[in-house]
$ cat target12.cif   # mmCIF, C-alpha atoms
data_target
#
loop_
_atom_site.label_atom_id
_atom_site.label_comp_id
_atom_site.auth_asym_id
_atom_site.auth_seq_id
_atom_site.Cartn_x
_atom_site.Cartn_y
_atom_site.Cartn_z
CA MET A 127 53.07 -5.73 -0.55
CA LYS A 128 52.69 -2.00 0.07
CA LEU A 129 50.87 -0.16 -2.69
CA LYS A 130 51.85 3.35 -3.73
CA LYS A 131 49.15 5.99 -3.89
CA GLY A 132 48.37 7.63 -7.21
CA ILE A 133 50.00 4.88 -9.29
CA PRO A 134 47.90 2.14 -10.96
CA VAL A 135 48.64 -1.29 -9.48
CA ILE A 136 49.48 -2.60 -12.93
CA ASP A 137 52.38 -0.10 -13.09
CA GLN A 138 53.84 -1.03 -9.70
CA GLY A 139 55.53 -4.25 -10.77
CA ASP A 140 59.20 -4.60 -11.64
CA LYS A 141 60.62 -5.19 -15.13
CA LEU A 142 60.17 -8.96 -14.72
CA GLY A 143 56.47 -8.61 -13.93
CA PHE A 144 56.70 -9.24 -10.19
CA TRP A 145 54.85 -7.31 -7.51
CA GLY A 146 56.36 -7.09 -4.02
CA GLY A 147 59.18 -9.36 -5.13
CA LYS A 148 57.12 -12.57 -5.04
CA PHE A 149 53.79 -12.08 -6.80
CA GLY A 150 53.32 -12.28 -10.55
CA GLY A 151 55.76 -13.30 -13.24
CA ASN A 152 54.92 -16.03 -15.75
CA PHE A 153 55.73 -19.64 -16.47
CA VAL A 154 55.05 -20.43 -20.13
CA PRO A 155 56.38 -22.69 -22.89
CA GLU A 156 59.34 -21.32 -24.83
CA THR A 157 57.18 -21.05 -27.95
CA LEU A 158 54.91 -18.58 -26.13
CA LYS A 159 57.67 -16.30 -24.90
CA LYS A 160 58.03 -14.13 -28.02
CA PRO A 161 54.28 -13.62 -28.68
CA ILE A 162 53.70 -12.72 -25.03
CA GLU A 163 56.61 -10.28 -25.02
CA ASP A 164 55.27 -8.68 -28.20
CA LEU A 165 51.82 -8.32 -26.61
CA GLU A 166 53.35 -6.84 -23.43
CA ILE A 167 55.26 -4.24 -25.41
CA LEU A 168 52.13 -3.31 -27.39
CA PHE A 169 50.00 -3.21 -24.24
CA ASN A 170 52.41 -0.93 -22.37
CA LYS A 171 52.50 1.38 -25.39
CA LEU A 172 48.77 1.57 -26.04
CA LYS A 173 47.60 1.96 -22.43
CA LYS A 174 49.14 5.45 -22.53
CA ASP A 175 48.22 6.19 -26.15
CA LYS A 176 45.44 8.80 -26.12
CA ASN A 177 44.69 8.21 -29.81
CA PHE A 178 44.09 4.51 -29.18
CA ILE A 179 41.95 5.18 -26.09
CA ASN A 180 39.91 7.74 -28.04
CA GLU A 181 39.47 5.28 -30.91
CA ARG A 182 38.29 2.61 -28.45
CA ASP A 183 35.85 5.05 -26.86
CA LYS A 184 34.52 6.06 -30.27
CA TYR A 185 33.64 2.47 -31.16
CA PHE A 186 32.25 1.80 -27.68
CA LYS A 187 29.89 4.76 -28.04
CA ASN A 188 28.94 4.63 -31.72
CA TRP A 189 29.07 0.89 -32.45
CA VAL A 190 28.66 -0.95 -29.15
CA GLY A 191 26.13 1.55 -27.82
CA SER A 192 27.84 2.59 -24.59
CA PRO A 193 26.86 3.60 -21.99
CA THR A 194 24.09 1.06 -21.46
CA ARG A 195 21.22 1.78 -19.10
CA PHE A 196 21.56 1.82 -15.32
CA ILE A 197 18.13 1.16 -13.84
CA LYS A 198 16.61 0.79 -10.39
CA LEU A 199 14.86 -2.53 -9.70
CA GLU A 200 11.85 -1.10 -7.90
CA ASN A 201 10.12 -4.37 -6.99
CA LEU A 202 13.29 -6.04 -5.69
CA THR A 203 14.21 -2.90 -3.74
CA GLU A 204 10.78 -2.92 -2.12
CA HIS A 205 11.01 -6.66 -1.37
CA VAL A 206 14.44 -6.33 0.28
CA GLY A 207 13.23 -3.39 2.32
CA GLY A 208 16.26 -1.19 2.82
CA ALA A 209 18.96 -1.59 0.19
CA GLN A 210 18.58 0.21 -3.11
CA ILE A 211 18.96 -2.41 -5.87
CA TRP A 212 20.15 -1.23 -9.27
CA SER A 213 21.10 -3.09 -12.43
CA LYS A 214 23.39 -2.40 -15.38
CA VAL A 215 21.55 -3.48 -18.53
CA VAL A 216 24.54 -4.81 -20.46
CA SER A 217 22.19 -6.63 -22.83
CA ASP A 218 21.54 -3.23 -24.43
CA ALA A 219 25.01 -3.43 -26.00
CA ASN A 220 25.32 -4.34 -29.68
CA GLY A 221 24.90 -8.11 -29.99
CA GLY A 222 23.16 -8.40 -26.62
CA ALA A 223 26.10 -9.10 -24.29
CA HIS A 224 28.97 -7.37 -22.48
CA LYS A 225 31.43 -9.62 -24.35
CA ILE A 226 31.29 -7.22 -27.29
CA TYR A 227 33.59 -4.82 -25.38
CA ASN A 228 36.38 -7.39 -25.10
CA ALA A 229 35.91 -8.52 -28.70
CA THR A 230 36.11 -4.93 -29.95
CA VAL A 231 39.37 -4.23 -28.09
CA HIS A 232 40.94 -7.49 -29.30
CA CYS A 233 40.18 -6.54 -32.90
CA LEU A 234 41.50 -3.02 -32.41
CA LEU A 235 44.72 -4.49 -31.00
CA ALA A 236 44.92 -6.88 -33.95
CA LYS A 237 44.61 -3.99 -36.40
CA ARG A 238 47.22 -1.93 -34.53
CA SER A 239 49.70 -4.81 -34.57
CA GLY A 240 49.15 -5.60 -38.26
CA LYS A 241 47.40 -8.93 -37.70
CA LYS A 242 45.08 -10.39 -40.34
CA VAL A 243 43.56 -13.34 -38.48
CA ILE A 244 41.92 -13.54 -35.07
CA CYS A 245 40.97 -16.75 -33.29
CA GLY A 246 38.95 -17.44 -30.17
CA ASP A 247 37.00 -20.07 -28.28
CA THR A 248 33.41 -20.24 -27.09
CA GLY A 249 31.13 -22.46 -25.04
CA ALA A 250 27.55 -21.21 -25.10
CA GLY A 251 28.41 -19.30 -28.25
CA TYR A 252 28.09 -15.69 -27.17
CA ALA A 253 31.84 -14.97 -26.94
CA GLY A 254 32.24 -16.45 -30.41
CA LYS A 255 29.31 -14.47 -31.75
CA MET A 256 30.69 -11.20 -30.38
CA LEU A 257 34.20 -11.87 -31.71
CA SER A 258 32.82 -12.76 -35.15
CA MET A 259 30.83 -9.50 -35.18
CA ALA A 260 33.88 -7.44 -34.27
CA ALA A 261 36.10 -9.29 -36.75
CA LYS A 262 33.61 -8.56 -39.53
CA LYS A 263 33.47 -4.91 -38.48
CA PHE A 264 37.25 -4.52 -38.62
CA GLY A 265 37.90 -6.68 -41.68
CA LEU A 266 39.65 -9.60 -39.97
CA LYS A 267 39.46 -13.30 -40.74
CA CYS A 268 38.01 -15.09 -37.74
CA LYS A 269 38.20 -18.68 -36.48
CA ILE A 270 36.07 -19.82 -33.55
CA PHE A 271 36.88 -23.08 -31.73
CA MET A 272 33.86 -24.76 -30.17
CA GLY A 273 33.26 -28.14 -28.57
CA ALA A 274 31.26 -30.54 -30.74
CA LYS A 275 28.66 -31.00 -28.01
CA ASP A 276 28.30 -27.25 -27.57
CA ILE A 277 27.81 -26.85 -31.32
CA GLN A 278 24.86 -29.22 -31.16
CA ARG A 279 23.35 -27.40 -28.17
CA GLN A 280 23.92 -23.83 -29.33
CA GLN A 281 22.86 -23.83 -32.97
CA PRO A 282 21.37 -20.28 -32.98
CA ASN A 283 24.71 -18.79 -31.97
CA VAL A 284 26.61 -21.11 -34.33
CA ARG A 285 24.48 -19.86 -37.23
CA ALA A 286 25.08 -16.26 -36.15
CA ILE A 287 28.85 -16.82 -36.05
CA LYS A 288 28.84 -18.30 -39.55
CA LYS A 289 26.58 -15.51 -40.81
CA ASN A 290 29.24 -13.03 -39.73
CA GLY A 291 31.72 -14.82 -41.98
CA ALA A 292 33.69 -16.63 -39.28
CA GLU A 293 34.75 -20.28 -39.44
CA VAL A 294 33.46 -22.53 -36.64
CA ILE A 295 35.99 -25.27 -35.89
CA PRO A 296 34.47 -28.24 -33.99
CA VAL A 297 36.57 -29.79 -31.21
CA TYR A 298 36.11 -33.53 -30.69
CA SER A 299 38.74 -34.12 -28.00
CA GLY A 300 38.04 -34.61 -24.29
CA SER A 301 34.59 -33.58 -23.11
CA GLN A 302 33.96 -31.75 -26.41
CA THR A 303 33.05 -28.59 -24.48
CA LEU A 304 34.62 -25.22 -23.66
CA VAL A 305 37.67 -26.46 -21.73
CA ASP A 306 38.77 -28.46 -24.77
CA ALA A 307 37.92 -25.63 -27.18
CA VAL A 308 40.27 -23.37 -25.17
CA SER A 309 43.09 -25.93 -25.47
CA GLU A 310 42.62 -26.41 -29.21
CA CYS A 311 42.45 -22.68 -29.78
CA MET A 312 45.75 -22.22 -27.95
CA ARG A 313 47.37 -25.04 -29.93
CA TYR A 314 46.24 -23.52 -33.21
CA TRP A 315 47.52 -20.09 -32.22
CA LEU A 316 50.92 -21.51 -31.23
CA LEU A 317 51.30 -23.29 -34.55
CA ILE A 318 49.95 -20.58 -36.82
CA ALA A 319 51.28 -17.44 -35.10
CA ILE A 320 54.78 -18.33 -36.30
CA LYS A 321 53.64 -18.44 -39.94
CA LEU A 322 50.75 -15.96 -40.14
CA PRO A 323 49.87 -12.64 -38.46
CA CYS A 324 47.35 -14.09 -36.02
CA VAL A 325 46.11 -12.83 -32.66
CA LEU A 326 44.57 -14.87 -29.84
CA ALA A 327 41.26 -13.62 -28.42
CA ALA A 328 40.51 -16.56 -26.16
CA GLN A 329 38.30 -16.15 -23.09
CA LEU A 330 41.45 -16.62 -20.99
CA VAL A 331 42.88 -13.45 -22.48
CA GLN A 332 40.75 -10.67 -21.01
CA LEU A 333 42.16 -7.16 -21.41
CA TYR A 334 40.58 -5.70 -18.30
CA LEU A 335 42.44 -2.38 -18.39
CA PHE A 336 40.87 -1.61 -21.77
CA VAL A 337 37.40 -3.05 -21.11
CA SER A 338 36.67 -2.16 -17.46
CA VAL A 339 33.75 -0.05 -18.63
CA ASP A 340 30.79 -0.94 -16.42
CA GLY A 341 32.25 0.47 -13.22
CA VAL A 342 33.29 3.65 -15.05
CA GLN A 343 29.83 4.02 -16.59
CA VAL A 344 28.05 3.48 -13.28
CA LYS A 345 30.24 6.08 -11.54
CA TYR A 346 29.33 8.57 -14.29
CA GLN A 347 25.63 7.66 -14.30
CA GLU A 348 25.36 7.99 -10.50
CA ASN A 349 26.40 11.65 -10.63
#

$ encode --input "target12.cif" --output "structure tokens"
Amino acid sequence: MKLKKGIPVIDQGDKLGFWGGKFGGNFVPETLKKPIEDLEILFNKLKKDKNFINERDKYFKNWVGSPTRFIKLENLTEHVGGAQIWSKVVSDANGGAHKIYNATVHCLLAKRSGKKVICGDTGAGYAGKMLSMAAKKFGLKCKIFMGAKDIQRQQPNVRAIKKNGAEVIPVYSGSQTLVDAVSECMRYWLLIAIKLPCVLAAQLVQLYLFVSVDGVQVKYQEN
């Protein structure tokens, strides 16, 4: 596939979502077709919407705390003896993890599309904690699917999720861990999205175009 200069790769596909005639596309159950098409239409609209981008940036700066620090690791740099080692301190972000960026954008998309409920999955608990924080911030009902074994192991984050007003739904199928929580979350979304305005914020659904912030911040902080 030959890429065109000056045009984002995401905009170089055809109307069916293929790049170079053979890469891309999707193969999904019939029940997923309409929700995915709705999301695609919204995505293509908002990626060029300056008001939405400005709103995102406002929350990233004033609520998330962006940009986070970019620091030189002096001791490691000296130990390596040559390369300059730097680190992006994403733990400075509100809630203590980079996942807050993705959670914030999902909730902004939910609000823009008139959704009232947002659901997601979590393993160690941080993705669920961040989504519950963002849902509380934007006035959305939130359901977090989590494997029963992970719930036992990650009680501090479970308590934080519940404190933010979200419902933690234990998953007892399979290994009772993240992979099963993802499946149950998807099943719930498929069943409920038809009846209620609900948006999926699973870890499989990462909106990189809207949350690719670290590279942008580092480029700015280097200058």

$ residues_around --input "target12.cif" --residues "Thr230 of chain A" --least-positions-apart "2" --cutoff "10 Å" --atoms "all atoms listed in the file" --output "ChimeraX atom specification"
/A:182,185-186,189-190,225-228,232-236,256-261,263-264,337

$ residues_around --input "target12.cif" --residues "segment 127-133 of chain A" --least-positions-apart "2" --cutoff "8 Å" --atoms "only C-alpha atoms" --output "list of chain:residue names"
A:Val135, A:Asp137, A:Gln138, A:Trp145, A:Gly146

$ closest_residue --input "target12.cif" --among "A:Gly251, A:His224, A:Asn152, A:Ile162" --to "Ala286 of chain A" --atoms "only C-alpha atoms"
A:Gly251

$ residues_around --input "target12.cif" --residues "Gln280 of chain A" --least-positions-apart "5" --cutoff "9 Å" --atoms "all atoms listed in the file" --output "VMD selection string"
chain A and resid 249 to 251 275 285

$ atom_distance --input "target12.cif" --atom1 "atom CA of Asp218 of chain A" --atom2 "atom CA of Lys288 of chain A"
22.6 Å

$ atom_distance --input "target12.cif" --atom1 "atom CA of Asp276 of chain A" --atom2 "atom CA of Thr303 of chain A"
5.8 Å

$ closest_residue --input "target12.cif" --among "A:Thr248, A:Gln302, A:Ser309, A:Asn170" --to "Lys141 of chain A" --atoms "only C-alpha atoms"
A:Asn170

$ residues_around --input "target12.cif" --residues "segment 193-196 of chain A" --least-positions-apart "3" --cutoff "6 Å" --atoms "only C-alpha atoms" --output "PyMOL selection string"
chain A and resi 213-216+218

$ write_last_selection --input "target12.cif" --atoms "C-alpha atoms" --output "PDB file, keeping the file's coordinate frame"
ATOM      1  CA  SER A 213      21.100  -3.090 -12.430  1.00  0.00           C
ATOM      2  CA  LYS A 214      23.390  -2.400 -15.380  1.00  0.00           C
ATOM      3  CA  VAL A 215      21.550  -3.480 -18.530  1.00  0.00           C
ATOM      4  CA  VAL A 216      24.540  -4.810 -20.460  1.00  0.00           C
ATOM      5  CA  ASP A 218      21.540  -3.230 -24.430  1.00  0.00           C
TER       6      ASP A 218
END
